[in-house]
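Visitor: This is protein.cif, which holds mmCIF, C-alpha atoms:
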```cif
data_coords
#
loop_
_atom_site.label_atom_id
_atom_site.label_comp_id
_atom_site.auth_asym_id
_atom_site.auth_seq_id
_atom_site.Cartn_x
_atom_site.Cartn_y
_atom_site.Cartn_z
CA MET A 12 51.41 -33.93 -139.36
CA THR A 13 49.77 -30.55 -138.98
CA ILE A 14 49.98 -27.32 -140.90
CA SER A 15 52.29 -24.71 -139.47
CA VAL A 16 50.41 -21.74 -138.13
CA ALA A 17 52.63 -18.77 -137.37
CA PRO A 18 52.87 -16.96 -135.03
CA GLY A 19 53.93 -19.54 -132.54
CA PRO A 20 53.37 -20.33 -128.90
CA ASP A 21 53.92 -16.86 -127.52
CA THR A 22 50.69 -15.67 -129.01
CA ARG A 23 48.88 -18.58 -127.43
CA GLU A 24 50.44 -17.67 -124.13
CA GLY A 25 49.32 -14.09 -124.64
CA VAL A 26 45.75 -15.18 -125.11
CA ARG A 27 45.88 -17.19 -121.94
CA THR A 28 47.32 -14.51 -119.68
CA GLY A 29 46.40 -11.38 -121.52
CA THR A 30 46.98 -8.81 -118.80
CA ALA A 31 50.70 -9.35 -118.37
CA GLU A 32 51.26 -9.42 -122.09
CA SER A 33 50.14 -5.90 -122.89
CA THR A 34 52.62 -4.24 -120.55
CA ASP A 35 55.44 -6.49 -121.75
CA SER A 36 55.11 -5.29 -125.27
CA LEU A 37 55.37 -1.69 -124.12
CA THR A 38 58.61 -2.17 -122.22
CA ALA A 39 60.45 -4.90 -124.07
CA PRO A 40 59.63 -5.01 -127.74
CA ASP A 41 61.33 -7.57 -129.95
CA ILE A 42 64.24 -8.39 -127.70
CA PRO A 43 64.75 -12.07 -128.35
CA TRP A 44 65.39 -14.42 -125.46
CA ASN A 45 65.47 -18.19 -125.54
CA LEU A 46 64.05 -20.77 -123.20
CA VAL A 47 66.53 -23.63 -122.91
CA ILE A 48 65.71 -27.08 -121.57
CA TRP A 49 68.67 -29.14 -120.35
CA ASN A 50 69.05 -32.88 -120.32
CA ASP A 51 69.07 -34.76 -117.06
CA PRO A 52 69.10 -38.48 -116.35
CA VAL A 53 65.91 -38.47 -114.28
CA ASN A 54 63.10 -36.90 -116.28
CA LEU A 55 61.21 -39.41 -118.39
CA MET A 56 61.27 -38.84 -122.14
CA SER A 57 57.50 -39.35 -122.23
CA TYR A 58 57.00 -36.78 -119.47
CA VAL A 59 59.16 -34.16 -121.21
CA SER A 60 57.17 -34.69 -124.41
CA TYR A 61 53.90 -34.47 -122.45
CA VAL A 62 54.99 -31.14 -120.90
CA PHE A 63 55.89 -29.71 -124.33
CA GLN A 64 52.55 -30.82 -125.76
CA SER A 65 50.31 -29.79 -122.88
CA TYR A 66 52.02 -26.55 -121.85
CA PHE A 67 53.15 -25.10 -125.19
CA GLY A 68 50.42 -26.74 -127.27
CA TYR A 69 53.04 -28.32 -129.55
CA SER A 70 52.10 -31.27 -131.73
CA GLU A 71 53.30 -34.71 -130.70
CA THR A 72 55.80 -34.64 -133.58
CA LYS A 73 57.28 -31.32 -132.61
CA ALA A 74 57.30 -32.16 -128.90
CA ASN A 75 59.11 -35.44 -129.56
CA LYS A 76 61.62 -33.76 -131.84
CA LEU A 77 62.50 -31.17 -129.19
CA MET A 78 62.58 -33.85 -126.48
CA MET A 79 65.03 -35.94 -128.56
CA GLU A 80 67.17 -32.87 -129.11
CA VAL A 81 67.36 -32.34 -125.35
CA HIS A 82 68.19 -36.01 -124.87
CA LYS A 83 70.85 -36.29 -127.57
CA LYS A 84 72.43 -32.83 -127.67
CA GLY A 85 72.09 -32.06 -123.97
CA ARG A 86 69.92 -28.99 -124.52
CA SER A 87 67.30 -27.51 -126.77
CA ILE A 88 65.77 -24.10 -127.33
CA VAL A 89 62.08 -24.86 -126.97
CA ALA A 90 60.61 -21.35 -127.10
CA ALA A 91 61.66 -17.79 -127.79
CA GLY A 92 60.22 -14.40 -127.01
CA SER A 93 60.66 -11.40 -124.76
CA LYS A 94 62.62 -11.84 -121.52
CA GLU A 95 59.40 -11.73 -119.50
CA GLN A 96 57.75 -14.37 -121.68
CA VAL A 97 60.59 -16.86 -121.51
CA GLU A 98 61.02 -16.27 -117.77
CA ARG A 99 57.36 -17.08 -117.27
CA HIS A 100 57.80 -20.26 -119.30
CA ALA A 101 60.91 -21.16 -117.27
CA VAL A 102 59.00 -20.88 -113.99
CA ALA A 103 56.30 -23.14 -115.43
CA MET A 104 58.97 -25.63 -116.53
CA HIS A 105 60.48 -25.56 -113.02
CA GLY A 106 56.99 -26.27 -111.71
CA PHE A 107 56.97 -29.40 -113.87
CA GLY A 108 60.46 -30.29 -112.64
CA LEU A 109 62.22 -29.71 -115.95
CA TRP A 110 65.63 -28.07 -115.86
CA ALA A 111 65.10 -24.78 -117.70
CA THR A 112 67.14 -21.61 -118.07
CA VAL A 113 66.74 -18.44 -120.09
CA GLU A 114 69.41 -16.79 -122.22
CA LYS A 115 69.70 -13.89 -124.61
CA ALA A 116 69.42 -15.13 -128.16
CA SER A 117 72.79 -14.89 -129.85
CA GLY A 118 72.94 -13.85 -133.48
CA GLY A 119 72.20 -16.64 -135.87
CA HIS A 120 71.02 -19.13 -133.28
CA GLY A 121 68.12 -17.22 -131.84
CA GLY A 122 64.64 -18.60 -132.07
CA LYS A 123 65.66 -21.64 -134.06
CA THR A 124 62.78 -23.67 -132.79
CA GLY A 125 60.56 -21.22 -131.00
CA LYS A 126 59.53 -19.12 -133.96
CA SER A 127 57.41 -19.79 -136.98
CA GLY A 128 58.21 -22.58 -139.36
CA GLY A 129 58.32 -25.52 -136.98
CA PRO A 130 56.07 -28.39 -137.94
CA GLY A 131 52.72 -28.71 -136.38
CA GLN A 132 52.48 -25.55 -134.39
CA GLY A 133 49.19 -24.32 -133.11
CA LYS A 134 47.61 -27.70 -132.79
CA GLY A 135 46.50 -29.26 -129.58
CA LYS A 136 44.93 -27.95 -126.46
CA ARG A 137 46.32 -26.78 -123.23
CA GLY A 138 45.45 -28.29 -119.88
CA MET B 2 50.68 -55.26 -106.44
CA ALA B 3 50.04 -51.88 -107.97
CA LYS B 4 48.31 -51.74 -111.32
CA ALA B 5 49.52 -49.29 -113.93
CA PHE B 6 47.39 -46.23 -114.57
CA LYS B 7 45.31 -46.40 -117.70
CA TYR B 8 43.06 -44.09 -119.64
CA GLY B 9 39.47 -45.21 -120.09
CA LEU B 10 35.85 -44.21 -119.79
CA LYS B 11 36.15 -43.23 -116.14
CA GLY B 12 39.22 -41.11 -116.82
CA ILE B 13 42.69 -42.08 -115.64
CA THR B 14 42.51 -44.91 -113.15
CA GLY B 15 45.02 -46.95 -111.20
CA PHE B 16 45.25 -49.27 -108.24
CA LEU B 17 47.69 -49.19 -105.32
CA GLU B 18 48.06 -51.45 -102.29
CA PRO B 19 47.84 -49.83 -98.83
CA ALA B 20 51.59 -50.32 -98.28
CA GLU B 21 52.35 -48.65 -101.59
CA ARG B 22 50.09 -45.75 -100.72
CA ASP B 23 51.78 -45.36 -97.33
CA LEU B 24 55.15 -45.33 -99.03
CA LEU B 25 54.07 -42.68 -101.54
CA ARG B 26 52.50 -40.59 -98.79
CA SER B 27 55.73 -40.55 -96.80
CA LEU B 28 57.81 -39.75 -99.89
CA ILE B 29 55.48 -36.89 -100.72
CA ASP B 30 55.60 -35.62 -97.12
CA ASP B 31 59.39 -35.64 -97.24
CA VAL B 32 59.46 -33.54 -100.39
CA ILE B 33 56.85 -31.15 -98.98
CA SER B 34 58.95 -30.62 -95.86
CA MET B 35 62.00 -29.87 -98.04
CA LEU B 36 60.01 -27.30 -99.98
CA GLN B 37 58.33 -25.62 -97.03
CA PRO B 38 59.74 -22.06 -96.90
CA GLU B 39 61.51 -21.27 -93.64
CA GLU B 40 59.81 -18.68 -91.50
CA ARG B 41 62.39 -16.13 -90.45
CA ASP B 42 62.21 -13.47 -87.77
CA GLY B 43 61.64 -9.99 -89.02
CA GLN B 44 60.29 -11.16 -92.35
CA ASP B 45 58.04 -8.64 -94.04
CA PRO B 46 54.61 -10.31 -93.88
CA LEU B 47 53.25 -8.30 -96.80
CA ALA B 48 56.22 -9.23 -99.00
CA ALA B 49 55.75 -12.88 -98.03
CA LEU B 50 52.07 -12.64 -98.87
CA ILE B 51 52.74 -11.51 -102.42
CA GLY B 52 55.51 -14.04 -102.84
CA LEU B 53 58.59 -11.85 -102.46
CA ASP B 54 61.53 -13.07 -100.43
CA MET B 55 64.43 -10.65 -100.47
CA ASP B 56 66.53 -12.75 -98.07
CA VAL B 57 66.37 -15.91 -100.15
CA ALA B 58 69.63 -17.66 -101.07
CA GLU B 59 70.49 -20.37 -103.54
CA PRO B 60 69.67 -23.70 -101.84
CA THR B 61 72.65 -25.57 -100.42
CA ASP B 62 70.98 -29.01 -100.52
CA ARG B 63 71.52 -30.42 -104.02
CA ALA B 64 68.07 -31.96 -104.14
CA VAL B 65 66.36 -28.69 -103.19
CA LYS B 66 68.49 -26.89 -105.74
CA ARG B 67 67.37 -29.34 -108.41
CA LEU B 68 63.73 -28.67 -107.47
CA LEU B 69 64.30 -24.90 -107.51
CA PRO B 70 66.97 -24.34 -110.18
CA ASN B 71 68.66 -21.10 -111.18
CA ILE B 72 67.03 -19.24 -114.06
CA SER B 73 70.39 -18.40 -115.63
CA LYS B 74 73.23 -20.78 -116.33
CA ASN B 75 75.99 -18.18 -115.97
CA ASP B 76 74.57 -15.13 -114.25
CA ASP B 77 74.33 -15.82 -110.51
CA ALA B 78 73.24 -12.28 -109.66
CA ALA B 79 70.35 -12.44 -112.13
CA SER B 80 69.42 -15.88 -110.83
CA LEU B 81 69.33 -14.63 -107.25
CA GLU B 82 67.26 -11.61 -108.16
CA PHE B 83 64.78 -13.82 -110.02
CA ARG B 84 64.70 -16.22 -107.08
CA GLN B 85 63.71 -13.35 -104.76
CA LEU B 86 60.68 -12.67 -106.93
CA THR B 87 59.57 -16.20 -107.79
CA GLU B 88 60.98 -18.90 -105.53
CA ARG B 89 58.31 -18.67 -102.89
CA SER B 90 55.47 -19.10 -105.36
CA LEU B 91 57.31 -21.94 -107.13
CA ARG B 92 57.59 -23.70 -103.77
CA GLU B 93 53.86 -23.20 -103.29
CA THR B 94 53.03 -24.55 -106.76
CA LYS B 95 55.03 -27.69 -106.06
CA ILE B 96 53.62 -28.17 -102.57
CA GLY B 97 50.13 -27.74 -104.05
CA ALA B 98 50.66 -30.55 -106.56
CA LEU B 99 52.22 -32.80 -103.91
CA ARG B 100 49.34 -32.20 -101.49
CA ALA B 101 46.78 -32.84 -104.23
CA ALA B 102 48.42 -36.15 -105.09
CA ALA B 103 48.57 -37.14 -101.41
CA LEU B 104 44.83 -36.50 -101.08
CA ASP B 105 44.15 -39.01 -103.86
CA LEU B 106 45.90 -41.69 -101.82
CA ASP B 107 42.94 -42.38 -99.57
CA LYS B 108 41.54 -45.29 -101.60
CA ASP B 109 43.07 -48.38 -103.26
CA GLU B 110 41.37 -47.54 -106.51
CA ILE B 111 42.58 -44.18 -107.76
CA VAL B 112 40.52 -42.20 -110.25
CA LEU B 113 42.15 -39.04 -111.57
CA THR B 114 40.72 -36.01 -113.34
CA PRO B 115 42.96 -34.48 -116.05
CA GLU B 116 44.08 -31.87 -113.52
CA GLY B 117 44.63 -34.57 -110.90
CA ALA B 118 46.75 -36.62 -113.29
CA LYS B 119 48.87 -33.55 -114.01
CA HIS B 120 49.42 -33.05 -110.27
CA TRP B 121 50.37 -36.72 -109.92
CA SER B 122 52.91 -36.55 -112.70
CA MET B 123 54.43 -33.36 -111.23
CA ALA B 124 54.49 -34.78 -107.70
CA LEU B 125 56.04 -38.09 -108.80
CA ASN B 126 58.60 -36.19 -110.84
CA ASP B 127 59.66 -34.12 -107.81
CA VAL B 128 59.81 -37.24 -105.64
CA ARG B 129 62.03 -38.90 -108.26
CA LEU B 130 64.31 -35.86 -108.55
CA VAL B 131 64.89 -35.97 -104.79
CA LEU B 132 65.45 -39.76 -104.73
CA ALA B 133 67.83 -39.43 -107.69
CA GLU B 134 69.94 -36.91 -105.78
CA ARG B 135 70.07 -39.21 -102.76
CA LEU B 136 71.09 -42.08 -105.08
CA ASP B 137 73.72 -39.91 -106.74
CA ILE B 138 72.27 -40.37 -110.22
CA ARG B 139 74.43 -37.97 -112.23
CA ASP B 140 74.27 -39.41 -115.74
CA GLU B 141 72.53 -42.00 -117.89
CA ALA B 142 74.94 -44.74 -116.79
CA ASP B 143 74.07 -44.14 -113.11
CA ALA B 144 70.38 -44.21 -114.00
CA GLU B 145 70.85 -47.49 -115.87
CA HIS B 146 72.70 -48.97 -112.91
CA VAL B 147 69.85 -48.05 -110.53
CA HIS B 148 67.28 -49.26 -113.02
CA ARG B 149 68.75 -52.78 -112.97
CA MET B 150 67.84 -53.09 -109.30
CA GLN B 151 64.41 -54.74 -109.49
CA ASP B 152 64.33 -57.51 -106.91
CA TRP B 153 62.93 -56.58 -103.50
CA SER B 154 64.53 -59.65 -101.93
CA GLN B 155 67.91 -58.05 -102.71
CA ALA B 156 67.14 -54.94 -100.71
CA GLU B 157 69.71 -55.25 -97.97
CA ASP B 158 70.90 -51.72 -97.44
CA VAL B 159 69.52 -48.21 -97.64
CA GLU B 160 70.87 -47.65 -101.14
CA SER B 161 69.31 -50.74 -102.69
CA TYR B 162 66.04 -49.99 -100.91
CA LEU B 163 66.10 -46.42 -102.27
CA ALA B 164 66.86 -47.76 -105.74
CA LEU B 165 63.81 -50.02 -105.61
CA VAL B 166 61.64 -47.17 -104.39
CA TYR B 167 63.01 -45.00 -107.20
CA ASN B 168 62.20 -47.68 -109.79
CA PHE B 169 58.69 -48.06 -108.40
CA THR B 170 58.02 -44.30 -108.65
CA THR B 171 59.52 -44.26 -112.16
CA TRP B 172 57.21 -47.05 -113.27
CA LEU B 173 54.23 -45.31 -111.69
CA GLN B 174 55.02 -41.93 -113.28
CA GLU B 175 55.54 -43.54 -116.67
CA SER B 176 52.10 -45.13 -116.44
CA VAL B 177 50.43 -41.84 -115.44
CA VAL B 178 52.19 -40.02 -118.30
CA GLN B 179 51.27 -42.68 -120.87
CA ALA B 180 47.64 -42.41 -119.75
CA MET B 181 47.78 -38.60 -120.02
CA LEU B 182 49.34 -38.75 -123.49
CA GLN B 183 46.57 -41.09 -124.54
CA SER B 184 43.95 -38.69 -123.22
CA LEU B 185 45.64 -35.77 -125.07
CA GLU B 186 45.56 -37.87 -128.23
CA THR B 187 41.87 -38.62 -127.77
CA ARG B 188 40.98 -34.98 -127.17
CA ARG B 189 42.71 -33.98 -130.40
#
```
Let's see the structure in the file written out as structure tokens.
Guide:
Amino acid sequence: MTISVAPGPDTREGVRTGTAESTDSLTAPDIPWNLVIWNDPVNLMSYVSYVFQSYFGYSETKANKLMMEVHKKGRSIVAAGSKEQVERHAVAMHGFGLWATVEKASGGHGGKTGKSGGPGQGKGKRG
Amino acid sequence: MAKAFKYGLKGITGFLEPAERDLLRSLIDDVISMLQPEERDGQDPLAALIGLDMDVAEPTDRAVKRLLPNISKNDDAASLEFRQLTERSLRETKIGALRAAALDLDKDEIVLTPEGAKHWSMALNDVRLVLAERLDIRDEADAEHVHRMQDWSQAEDVESYLALVYNFTTWLQESVVQAMLQSLETRR
């Protein structure tokens, strides 16, 4: 649907809240952490997709794909980055009422969906 | 009867009967009271002001715990430490959205700004999470069971009444979210 524009959402986040970002990169460079969203029987599929689109700026296609992964597999890695970045995302997800946790990326699995290469990144506006 | 929210020239608009608005207001008030941080003696006022709460514990009420989940699946110590730094402000974020939604309940005809619609969807989501805990919705089958309860004339006990209220808030949230998705689509 849209052309992939790496780097992904973390850069967008950095633009939005620039002050926190600069110190993060000094203290925690390149340590990959994942933001995991867990399935639950309450949250609406449409709402989860809306949150992925509006908060991360993901395309509708990408947001729906991640939402379906949460729904069918029970969990999905929806973003990756430094510990501080994914923790900030997790708090935002908790604000929306999504069930989010953070975990250290394990070798081979890390950043499967949060890094470059996903379809339709960089499209869409926040807020 | 309530009319579903829709996206149009005026923004996101919906219509609710006075009884429906009263119901939503009391649901929202309940969730706000669950989220209100306890004031404890000897609490450091400066720490509280900047959102720190070193005496915080993992919530014992399942519904509150679902609203304020642990940050780590397996590391309770890390979760608690993170909670000390962030839980208070998360409570305030949620209460802010709930209060904003309650303020929109003054008129039958509801007109929402994009920010207002976001607050509505967040508030309705938190209300539904709490109702779902009270209804013991643990998996998709439980949710399906509750969803089948649609007839108000069947509401004979607290559980069936709660199920109907849950289904009403689900329907309302779905309509707000569909309207918001449409407005996202248009802005692209």
Visitor: For the PyMOL selection byres ((chain A) within 10 of (chain B)), applied here, can you spell out every residue it catches as a ChimeraX atom specification?
Guide: /A:46-47,50-62,64-65,70-71,98-99,101-103,105-114,134-138
Visitor: Would you kindly return, as a ChimeraX atom specification, each protein, DNA or RNA residue with an atom no farther than 8 Å from any atom of segment 163-166 of chain B, considering all atoms listed in the file and excluding same-chain residues fewer than 2 positions away?
Guide: /B:132,136,147-148,150-153,156,159-161,168-170
Visitor: Can those selected residues be exported to a file as a PDB file, in the coordinates of the input so that it contains C-alpha atoms?
Guide:
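So selection-v4.pdb came out as:
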```pdb
ATOM      1  CA  LEU B 132      65.450 -39.760-104.730  1.00  0.00           C
ATOM      2  CA  LEU B 136      71.090 -42.080-105.080  1.00  0.00           C
ATOM      3  CA  VAL B 147      69.850 -48.050-110.530  1.00  0.00           C
ATOM      4  CA  HIS B 148      67.280 -49.260-113.020  1.00  0.00           C
ATOM      5  CA  MET B 150      67.840 -53.090-109.300  1.00  0.00           C
ATOM      6  CA  GLN B 151      64.410 -54.740-109.490  1.00  0.00           C
ATOM      7  CA  ASP B 152      64.330 -57.510-106.910  1.00  0.00           C
ATOM      8  CA  TRP B 153      62.930 -56.580-103.500  1.00  0.00           C
ATOM      9  CA  ALA B 156      67.140 -54.940-100.710  1.00  0.00           C
ATOM     10  CA  VAL B 159      69.520 -48.210 -97.640  1.00  0.00           C
ATOM     11  CA  GLU B 160      70.870 -47.650-101.140  1.00  0.00           C
ATOM     12  CA  SER B 161      69.310 -50.740-102.690  1.00  0.00           C
ATOM     13  CA  ASN B 168      62.200 -47.680-109.790  1.00  0.00           C
ATOM     14  CA  PHE B 169      58.690 -48.060-108.400  1.00  0.00           C
ATOM     15  CA  THR B 170      58.020 -44.300-108.650  1.00  0.00           C
TER      16      THR B 170
END
```
Visitor: Could you jot down the atom CA of Arg89 of chain B to atom CA of Pro60 of chain B separation for me, Å, one decimal place?
Guide: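 It comes out at 12.5 Å.
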Visitor: Care to translate the PyMOL selection byres ((chain B and resi 103) around 9) into actual residues of this file, as a PyMOL selection string?
Guide: chain B and resi 22+25-26+29-30+98-102+104-107+121+124
Visitor: Which segment 63-165 of chain B residues have any atom within 9 Å of an atom of segment 5-15 of chain B, and for each, what is the nearest pair of atoms with distance in Å to one decimal, counting only C-alpha atoms, rows sorted by chain and number, as a Markdown table?
Guide:
```
| residue | atom | partner | partner_atom | distance |
| --- | --- | --- | --- | --- |
| B:Asp109 | CA | B:Gly15 | CA | 8.3 |
| B:Glu110 | CA | B:Gly15 | CA | 6.0 |
| B:Ile111 | CA | B:Gly15 | CA | 5.0 |
| B:Val112 | CA | B:Thr14 | CA | 4.4 |
| B:Leu113 | CA | B:Ile13 | CA | 5.1 |
| B:Thr114 | CA | B:Gly12 | CA | 6.4 |
| B:Pro115 | CA | B:Ile13 | CA | 7.6 |
| B:Ala118 | CA | B:Ile13 | CA | 7.2 |
```
Visitor: Figure out the distance between atom CA of Gln96 of chain A and atom CA of Ile51 of chain B, please, to one decimal in Å.
Guide: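 Going from atom CA of Ile51 of chain B over to atom CA of Gln96 of chain A covers 20.1 Å.
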Visitor: Evaluate the PyMOL selection byres ((chain B and resi 40) around 12) and record the selected residues as a ChimeraX atom specification, following the chain and residue labels used in the document.
Guide: /B:37-39,41-46,49,54,56-57,89
Visitor: So what do you get for atom CA of Asn45 of chain A versus atom CA of Ile88 of chain A, distance-wise?
Guide: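 Computed distance, atom CA of Asn45 of chain A to atom CA of Ile88 of chain A, equals 6.2 Å.
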Visitor: Using all atoms listed in the file, which residue out of A:Trp44, A:Tyr69, A:Ser117, A:Phe63 lies closest to Val81 of chain A?
Guide: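 Among the listed residues, the smallest separation from Val81 of chain A belongs to A:Phe63.
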Visitor: Would you mind completing segment 140-149 of chain B to all heavy atoms and writing the output as an mmCIF file, in the coordinates of the input?
Guide:
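The resulting rebuild_11.cif:
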```
data_model
loop_
_atom_site.group_PDB
_atom_site.id
_atom_site.type_symbol
_atom_site.label_atom_id
_atom_site.label_comp_id
_atom_site.auth_asym_id
_atom_site.auth_seq_id
_atom_site.Cartn_x
_atom_site.Cartn_y
_atom_site.Cartn_z
ATOM 1 N N ASP B 140 74.329 -39.268 -114.275
ATOM 2 C CA ASP B 140 74.270 -39.410 -115.740
ATOM 3 C C ASP B 140 73.470 -40.666 -116.097
ATOM 4 O O ASP B 140 72.964 -41.370 -115.232
ATOM 5 C CB ASP B 140 75.683 -39.474 -116.335
ATOM 6 C CG ASP B 140 76.531 -40.571 -115.697
ATOM 7 O OD1 ASP B 140 75.969 -41.598 -115.278
ATOM 8 O OD2 ASP B 140 77.756 -40.390 -115.611
ATOM 9 N N GLU B 141 73.374 -40.902 -117.409
ATOM 10 C CA GLU B 141 72.530 -42.000 -117.890
ATOM 11 C C GLU B 141 73.043 -43.357 -117.391
ATOM 12 O O GLU B 141 72.259 -44.273 -117.135
ATOM 13 C CB GLU B 141 72.480 -42.020 -119.428
ATOM 14 C CG GLU B 141 72.312 -40.649 -120.102
ATOM 15 C CD GLU B 141 70.875 -40.139 -120.130
ATOM 16 O OE1 GLU B 141 69.958 -40.965 -119.979
ATOM 17 O OE2 GLU B 141 70.679 -38.913 -120.280
ATOM 18 N N ALA B 142 74.367 -43.471 -117.244
ATOM 19 C CA ALA B 142 74.940 -44.740 -116.790
ATOM 20 C C ALA B 142 74.516 -45.032 -115.335
ATOM 21 O O ALA B 142 74.159 -46.168 -115.003
ATOM 22 C CB ALA B 142 76.464 -44.705 -116.900
ATOM 23 N N ASP B 143 74.539 -43.977 -114.493
ATOM 24 C CA ASP B 143 74.070 -44.140 -113.110
ATOM 25 C C ASP B 143 72.599 -44.566 -113.096
ATOM 26 O O ASP B 143 72.201 -45.440 -112.325
ATOM 27 C CB ASP B 143 74.175 -42.803 -112.345
ATOM 28 C CG ASP B 143 75.616 -42.336 -112.181
ATOM 29 O OD1 ASP B 143 76.524 -43.179 -112.272
ATOM 30 O OD2 ASP B 143 75.805 -41.122 -111.950
ATOM 31 N N ALA B 144 71.813 -43.917 -113.953
ATOM 32 C CA ALA B 144 70.380 -44.210 -114.000
ATOM 33 C C ALA B 144 70.156 -45.668 -114.415
ATOM 34 O O ALA B 144 69.308 -46.364 -113.854
ATOM 35 C CB ALA B 144 69.681 -43.263 -114.984
ATOM 36 N N GLU B 145 70.951 -46.108 -115.383
ATOM 37 C CA GLU B 145 70.850 -47.490 -115.870
ATOM 38 C C GLU B 145 71.219 -48.474 -114.761
ATOM 39 O O GLU B 145 70.560 -49.503 -114.569
ATOM 40 C CB GLU B 145 71.787 -47.650 -117.091
ATOM 41 C CG GLU B 145 71.708 -48.975 -117.810
ATOM 42 C CD GLU B 145 70.265 -49.342 -118.190
ATOM 43 O OE1 GLU B 145 69.513 -48.431 -118.626
ATOM 44 O OE2 GLU B 145 69.914 -50.511 -118.039
ATOM 45 N N HIS B 146 72.252 -48.130 -114.018
ATOM 46 C CA HIS B 146 72.700 -48.970 -112.910
ATOM 47 C C HIS B 146 71.579 -49.139 -111.863
ATOM 48 O O HIS B 146 71.287 -50.244 -111.409
ATOM 49 C CB HIS B 146 73.946 -48.333 -112.274
ATOM 50 C CG HIS B 146 74.448 -49.056 -111.077
ATOM 51 N ND1 HIS B 146 75.132 -50.248 -111.173
ATOM 52 C CD2 HIS B 146 74.340 -48.775 -109.743
ATOM 53 C CE1 HIS B 146 75.429 -50.665 -109.953
ATOM 54 N NE2 HIS B 146 74.969 -49.792 -109.072
ATOM 55 N N VAL B 147 70.948 -48.013 -111.516
ATOM 56 C CA VAL B 147 69.850 -48.050 -110.530
ATOM 57 C C VAL B 147 68.664 -48.826 -111.098
ATOM 58 O O VAL B 147 68.024 -49.618 -110.400
ATOM 59 C CB VAL B 147 69.431 -46.606 -110.147
ATOM 60 C CG1 VAL B 147 68.111 -46.599 -109.393
ATOM 61 C CG2 VAL B 147 70.519 -45.939 -109.314
ATOM 62 N N HIS B 148 68.439 -48.631 -112.386
ATOM 63 C CA HIS B 148 67.280 -49.260 -113.020
ATOM 64 C C HIS B 148 67.356 -50.793 -112.980
ATOM 65 O O HIS B 148 66.332 -51.479 -112.953
ATOM 66 C CB HIS B 148 67.169 -48.778 -114.471
ATOM 67 C CG HIS B 148 65.907 -49.224 -115.143
ATOM 68 N ND1 HIS B 148 64.670 -48.718 -114.793
ATOM 69 C CD2 HIS B 148 65.688 -50.145 -116.108
ATOM 70 C CE1 HIS B 148 63.746 -49.316 -115.532
ATOM 71 N NE2 HIS B 148 64.329 -50.178 -116.332
ATOM 72 N N ARG B 149 68.592 -51.315 -112.969
ATOM 73 C CA ARG B 149 68.750 -52.780 -112.970
ATOM 74 C C ARG B 149 68.336 -53.421 -111.644
ATOM 75 O O ARG B 149 68.142 -54.615 -111.559
ATOM 76 C CB ARG B 149 70.213 -53.139 -113.296
ATOM 77 C CG ARG B 149 70.384 -53.478 -114.774
ATOM 78 C CD ARG B 149 71.799 -53.867 -115.082
ATOM 79 N NE ARG B 149 72.482 -52.758 -115.716
ATOM 80 C CZ ARG B 149 73.689 -52.318 -115.396
ATOM 81 N NH1 ARG B 149 74.373 -52.884 -114.430
ATOM 82 N NH2 ARG B 149 74.233 -51.324 -116.054
#
```
